[in-house]
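Worksheet: one structure, shown below.
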Amino acid sequence: MKPASIIFLIVSVVVIAAGLGLCFTSANMAEKQGIQLFEAEKLTDGDIRHTIDFSETELNRISLNVTAAVVNICRGDRSYCEIINFPAGTYSANLTAQSFTLDDSLNIFSIMNFAESGFEFKGVRQYLQYYNKTGFHKRQKAVNIYIAPSDKLNVIDLDGTESQLTISDISAKTDYRIEMMHGTVDINNVSTSSTMTINASESDIIIKSRNIKECSVDASNSSVSVVLINPDTQTFDLAVDDGEIVYLGTILENEFKTDIPISTVKIRVRLTGGNIVVYDWNSLEQN
């Protein structure tokens with residue numbers, strides 16, 4: 001290597017080190033003075049939270065693609081999203097007039113395609129918030145989405161891996177499409193006059209609904225629990241390969257079908273490896 005190249009290399013390293021040193025110093029000074037230096041907010045427990053307000057948007061679609069995250073979608077006084085412990089530059093979050101998209105599956109190739117990935121580089125300082133003396137924070141990632149009662153979502157779409165999804169206390173004409181690998185899906189007190197589709201592998205699935213028009217589950221090596229009001233008046237199409245079906249406390253063969261003409265609910269489950277359990281909502285509440 002030529003002497004000039006060596007000199008330029010040394011100067012570059014010194015400039016980078018000086019820049020990082022200034023960033024760390026300014027970050028510490030801003031924190032002591034209570035100045036909001038970063039886009040996200042550092043909470044008292046050490047979590048990093050980025051809040052996106054939905055109140056000015058007529059939101060009808062939510063699409064999430066997450067890994068190793070806790071996702072909660074529920075009713076709230078107003079509509080907004082909390083993105084917790086997602087390091088800057090590792091995800092894209094886009095809010096348009098009618099949809100919100102969050103994707104943390106970015107890699108170096110997708111990041112290089114800025115237009116498609118939605119990635120925005122907002123300065124090295126945004127990364128420093130996630131760095132401490134022991135390295136980058138290894139805190140639990142979470143996404144909390146609150147939907148105001150006046151908002152009527154048409155679609156909730158989730159792709160998750162090693163994640164925990166909870167959708168609770170939502171009553172709207174919403175289509176649900178959920179794909180989960182090595183995680184949990186908890187549908188709690190959800191009512192919809194539309195459809196719910198779940199595809200899963202090695203996951204625990206709980207569907208507890210007062211009113212759901214149609215639900216279809218295809219899963220492998222998983223457990224599926226269905227809790228309905230008056231399940232004996234609903235239509236079921238259940239099949240298990242290498243597992244069992246427990247319907248209201250009774251163990252059945254690997255296939256169970258009912259056809260109730262006046263039924264308002266249709267539940268279809270195809271499971272390879274695992275168990276299907278059907279409960280009566282009222283019986284559970286009494287116990």
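Residues are referred to by chain and number: the chain letter is A, B, ... according to the order shown in the structure tokens, the number counts from 1 in that chain, and ligands are numbered separately from 1 in the order shown.
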
Cut-off 10 Å: closest stretch 152-186 of chain A/stretch 50-59 of chain A atom pairs per residue, using only C-alpha atoms, as a Markdown table:
```
| residue | atom | partner | partner_atom | distance |
| --- | --- | --- | --- | --- |
| A:Lys152 | CA | A:Leu59 | CA | 7.6 |
| A:Leu153 | CA | A:Leu59 | CA | 6.5 |
| A:Asn154 | CA | A:Leu59 | CA | 8.6 |
| A:Val155 | CA | A:Leu59 | CA | 9.6 |
```

### Task
Pull the strand (DSSP E) assignments for stretch 159-196 of chain A out of DSSP run on the backbone, and list those residues as JSON, numbers by chain.
{"A": [159, 160, 161, 164, 165, 166, 167, 168, 175, 176, 177, 178, 179, 180, 181, 184, 185, 186, 187, 188, 191, 192, 193, 194, 195, 196]}

### Task
Could you give me, as a PyMOL selection string, the residues within 12 Å of A:Asp175, counting only C-alpha atoms and dropping anything in the same chain fewer than 2 positions from it?
chain A and resi 60-63+152-158+170-173+177-178+190-198+212-216

Those same residues, written as a compact mmCIF listing (two decimals), in the first residue's frame with C-alpha atoms?
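Full text of result-v4.txt as output:
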```txt
# COMPACT_ATOMS: atom_id res chain seq x y z
CA ASN A 60 -58.55 0.34 7.06
CA ARG A 61 -55.54 -2.00 6.81
CA ILE A 62 -52.74 -3.04 9.16
CA SER A 63 -49.91 -5.23 7.81
CA LYS A 152 -63.46 0.31 11.26
CA LEU A 153 -60.58 -1.84 10.08
CA ASN A 154 -61.12 -3.89 6.93
CA VAL A 155 -57.95 -6.02 7.13
CA ILE A 156 -55.44 -7.10 9.76
CA ASP A 157 -52.56 -9.00 8.16
CA LEU A 158 -49.72 -10.53 10.20
CA ILE A 170 -62.25 -5.80 18.75
CA SER A 171 -65.69 -5.91 17.16
CA ALA A 172 -65.67 -4.86 13.52
CA LYS A 173 -66.17 -6.20 10.02
CA ARG A 177 -55.01 -13.16 7.83
CA ILE A 178 -52.41 -14.59 10.19
CA VAL A 190 -62.99 -10.78 19.00
CA SER A 191 -66.14 -10.50 16.88
CA THR A 192 -66.24 -10.15 13.12
CA SER A 193 -68.85 -10.64 10.43
CA SER A 194 -66.04 -11.38 7.99
CA THR A 195 -63.44 -14.17 7.83
CA MET A 196 -60.35 -15.24 9.77
CA THR A 197 -57.58 -17.33 8.17
CA ILE A 198 -54.69 -18.74 10.20
CA ILE A 212 -67.28 -14.92 14.14
CA LYS A 213 -68.68 -15.69 10.71
CA GLU A 214 -66.02 -18.02 9.36
CA CYS A 215 -62.64 -19.21 10.62
CA SER A 216 -60.18 -21.48 8.79
```

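Using only C-alpha atoms, the smallest distance between any of A:Arg268, A:Lys257, A:Arg49, A:Lys208 and A:Phe86 comes from A:Arg49.
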
Give me the residues near A:Ile205 as a short mmCIF file (atom, residue, chain, number, x, y, z; two decimals) with N, CA and C atoms, in the first residue's frame, where near means some atom within 10 Å (using only C-alpha atoms) and where sequence neighbours in that chain fewer than 2 positions away do not count.
```cif
data_model
loop_
_atom_site.label_atom_id
_atom_site.label_comp_id
_atom_site.auth_asym_id
_atom_site.auth_seq_id
_atom_site.Cartn_x
_atom_site.Cartn_y
_atom_site.Cartn_z
N LEU A 165 -48.70 -13.13 19.35
CA LEU A 165 -49.73 -12.21 18.86
C LEU A 165 -50.97 -12.32 19.73
N MET A 180 -48.08 -17.74 11.32
CA MET A 180 -47.19 -17.77 12.47
C MET A 180 -46.34 -19.04 12.45
N GLY A 183 -44.64 -19.76 17.34
CA GLY A 183 -45.12 -18.68 18.20
C GLY A 183 -46.47 -18.99 18.81
N THR A 184 -47.18 -17.94 19.20
CA THR A 184 -48.51 -18.08 19.78
C THR A 184 -49.46 -17.08 19.13
N VAL A 185 -50.72 -17.50 19.00
CA VAL A 185 -51.78 -16.64 18.47
C VAL A 185 -52.93 -16.70 19.47
N ASP A 186 -53.28 -15.57 20.04
CA ASP A 186 -54.35 -15.49 21.03
C ASP A 186 -55.41 -14.50 20.53
N ILE A 187 -56.52 -15.04 20.05
CA ILE A 187 -57.64 -14.21 19.61
C ILE A 187 -58.65 -14.20 20.76
N ILE A 198 -55.92 -18.57 9.44
CA ILE A 198 -54.69 -18.74 10.20
C ILE A 198 -53.90 -19.90 9.61
N ALA A 200 -50.24 -21.87 10.47
CA ALA A 200 -49.26 -21.89 11.55
C ALA A 200 -48.45 -23.17 11.55
N GLU A 202 -45.90 -25.24 14.51
CA GLU A 202 -45.30 -25.31 15.85
C GLU A 202 -45.73 -24.09 16.68
N SER A 203 -47.03 -23.90 16.77
CA SER A 203 -47.57 -22.74 17.47
C SER A 203 -48.76 -23.14 18.34
N ILE A 207 -58.61 -19.31 19.90
CA ILE A 207 -59.61 -18.47 19.25
C ILE A 207 -60.82 -18.40 20.16
N LYS A 208 -61.03 -17.25 20.77
CA LYS A 208 -62.14 -17.04 21.69
C LYS A 208 -62.99 -15.90 21.13
N VAL A 217 -58.36 -22.69 9.84
CA VAL A 217 -57.02 -22.87 10.40
C VAL A 217 -56.34 -24.05 9.72
N ALA A 219 -52.64 -25.92 10.19
CA ALA A 219 -51.48 -25.88 11.06
C ALA A 219 -50.82 -27.24 11.15
N SER A 222 -49.06 -28.25 16.22
CA SER A 222 -49.59 -27.12 16.96
C SER A 222 -50.77 -27.56 17.82
N SER A 223 -51.19 -26.70 18.71
CA SER A 223 -52.42 -26.91 19.47
C SER A 223 -53.41 -25.81 19.09
N VAL A 224 -54.68 -26.19 18.91
CA VAL A 224 -55.72 -25.24 18.53
C VAL A 224 -56.86 -25.34 19.52
N SER A 225 -57.18 -24.24 20.18
CA SER A 225 -58.31 -24.18 21.11
C SER A 225 -59.34 -23.20 20.57
N VAL A 226 -60.59 -23.63 20.55
CA VAL A 226 -61.69 -22.80 20.04
C VAL A 226 -62.71 -22.63 21.15
N ILE A 276 -56.89 -30.53 18.84
CA ILE A 276 -57.93 -29.50 18.73
C ILE A 276 -58.87 -29.66 19.92
#
```

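Near A:Glu82, within 12 Å and counting only C-alpha atoms, sit Ala40, Glu41, Asp47, Ile48, Arg49, His50, Thr51, Ile52, Asp53, Phe54, Val70, Val71, Asn72, Ile73, Ser79, Asn85, Phe86, Ala93, Leu102, Lys141, Ala142, Val143, Asn144, Ile145, Tyr146 and Ile147 of chain A, not including residues fewer than 3 positions from it in the same chain.
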
Mind dumping the selected residues with N, CA and C atoms as an mmCIF file, in the first residue's frame?
```
data_model
loop_
_atom_site.group_PDB
_atom_site.id
_atom_site.type_symbol
_atom_site.label_atom_id
_atom_site.label_comp_id
_atom_site.auth_asym_id
_atom_site.auth_seq_id
_atom_site.Cartn_x
_atom_site.Cartn_y
_atom_site.Cartn_z
ATOM 1 N N ALA A 40 -36.925 8.249 18.725
ATOM 2 C CA ALA A 40 -37.666 7.420 19.670
ATOM 3 C C ALA A 40 -37.441 7.914 21.093
ATOM 4 N N GLU A 41 -38.303 7.454 22.007
ATOM 5 C CA GLU A 41 -38.275 7.898 23.400
ATOM 6 C C GLU A 41 -37.730 6.788 24.287
ATOM 7 N N ASP A 47 -36.596 0.693 28.106
ATOM 8 C CA ASP A 47 -37.136 0.386 26.781
ATOM 9 C C ASP A 47 -37.099 1.628 25.885
ATOM 10 N N ILE A 48 -37.014 1.387 24.568
ATOM 11 C CA ILE A 48 -37.000 2.459 23.583
ATOM 12 C C ILE A 48 -38.316 2.410 22.814
ATOM 13 N N ARG A 49 -39.075 3.505 22.834
ATOM 14 C CA ARG A 49 -40.410 3.509 22.239
ATOM 15 C C ARG A 49 -40.539 4.572 21.151
ATOM 16 N N HIS A 50 -41.031 4.132 20.002
ATOM 17 C CA HIS A 50 -41.345 5.044 18.900
ATOM 18 C C HIS A 50 -42.856 5.000 18.697
ATOM 19 N N THR A 51 -43.515 6.142 18.798
ATOM 20 C CA THR A 51 -44.974 6.212 18.721
ATOM 21 C C THR A 51 -45.414 6.825 17.397
ATOM 22 N N ILE A 52 -46.375 6.180 16.748
ATOM 23 C CA ILE A 52 -46.943 6.682 15.493
ATOM 24 C C ILE A 52 -48.427 6.918 15.712
ATOM 25 N N ASP A 53 -48.868 8.124 15.431
ATOM 26 C CA ASP A 53 -50.264 8.502 15.660
ATOM 27 C C ASP A 53 -51.110 8.178 14.425
ATOM 28 N N PHE A 54 -52.239 7.487 14.640
ATOM 29 C CA PHE A 54 -53.150 7.148 13.539
ATOM 30 C C PHE A 54 -54.382 8.052 13.507
ATOM 31 N N VAL A 70 -43.452 -9.324 20.544
ATOM 32 C CA VAL A 70 -44.755 -9.425 21.195
ATOM 33 C C VAL A 70 -45.665 -8.398 20.540
ATOM 34 N N VAL A 71 -46.768 -8.845 19.956
ATOM 35 C CA VAL A 71 -47.679 -7.961 19.229
ATOM 36 C C VAL A 71 -49.033 -7.956 19.926
ATOM 37 N N ASN A 72 -49.494 -6.779 20.285
ATOM 38 C CA ASN A 72 -50.808 -6.612 20.912
ATOM 39 C C ASN A 72 -51.637 -5.638 20.083
ATOM 40 N N ILE A 73 -52.826 -6.083 19.667
ATOM 41 C CA ILE A 73 -53.756 -5.225 18.940
ATOM 42 C C ILE A 73 -55.066 -5.225 19.713
ATOM 43 N N SER A 79 -56.402 6.054 18.275
ATOM 44 C CA SER A 79 -55.677 5.123 17.422
ATOM 45 C C SER A 79 -54.208 5.534 17.301
ATOM 46 N N ASN A 85 -38.352 -1.140 21.247
ATOM 47 C CA ASN A 85 -37.070 -1.861 21.181
ATOM 48 C C ASN A 85 -36.753 -2.405 19.790
ATOM 49 N N PHE A 86 -37.203 -1.703 18.752
ATOM 50 C CA PHE A 86 -36.789 -2.008 17.391
ATOM 51 C C PHE A 86 -35.657 -1.049 17.028
ATOM 52 N N ALA A 93 -41.426 1.396 8.764
ATOM 53 C CA ALA A 93 -42.792 1.658 9.211
ATOM 54 C C ALA A 93 -43.375 2.743 8.319
ATOM 55 N N LEU A 102 -45.645 -2.368 8.875
ATOM 56 C CA LEU A 102 -44.425 -2.490 9.664
ATOM 57 C C LEU A 102 -43.708 -3.760 9.248
ATOM 58 N N LYS A 141 -38.629 -7.084 21.839
ATOM 59 C CA LYS A 141 -39.305 -6.213 20.880
ATOM 60 C C LYS A 141 -40.811 -6.351 21.049
ATOM 61 N N ALA A 142 -41.531 -5.260 20.893
ATOM 62 C CA ALA A 142 -42.987 -5.278 21.051
ATOM 63 C C ALA A 142 -43.626 -4.266 20.113
ATOM 64 N N VAL A 143 -44.845 -4.599 19.687
ATOM 65 C CA VAL A 143 -45.664 -3.685 18.884
ATOM 66 C C VAL A 143 -47.037 -3.637 19.533
ATOM 67 N N ASN A 144 -47.432 -2.469 19.993
ATOM 68 C CA ASN A 144 -48.748 -2.269 20.599
ATOM 69 C C ASN A 144 -49.567 -1.352 19.695
ATOM 70 N N ILE A 145 -50.690 -1.865 19.203
ATOM 71 C CA ILE A 145 -51.547 -1.076 18.320
ATOM 72 C C ILE A 145 -52.905 -0.907 18.988
ATOM 73 N N TYR A 146 -53.315 0.340 19.133
ATOM 74 C CA TYR A 146 -54.593 0.667 19.776
ATOM 75 C C TYR A 146 -55.530 1.245 18.716
ATOM 76 N N ILE A 147 -56.737 0.713 18.683
ATOM 77 C CA ILE A 147 -57.719 1.108 17.673
ATOM 78 C C ILE A 147 -58.908 1.768 18.360
#
```

### Option closest in space to A:Asn189, from A:Ala97, A:Cys74, A:Val265, A:Cys81 [counting only C-alpha atoms]
A:Cys74

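Atom CA of A:Asp259 lies 28.0 Å from atom CA of A:Ser201.
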
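If you measure from each of A:Thr272, A:Trp281, A:Val246, A:Asp104 to A:Ala88 using only C-alpha atoms, the closest one turns out to be A:Asp104.
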
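Here atom CA of A:Ser220 stands at a distance of 18.8 Å from atom CA of A:Phe236.
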
### Query
Between A:Tyr279, A:Tyr176, A:Tyr80, A:Tyr91, which has the minimum distance to A:Ile206 (counting only C-alpha atoms)?
A:Tyr279

### Query
Looking at A:Asp151, A:Asn221, A:Leu228, A:Ser263, which one is nearest to A:Asn188, with distances taken over only C-alpha atoms?
A:Leu228

### atom CA of A:Ser283 to atom CA of A:Ile260, straight-line distance in Å
21.1 Å
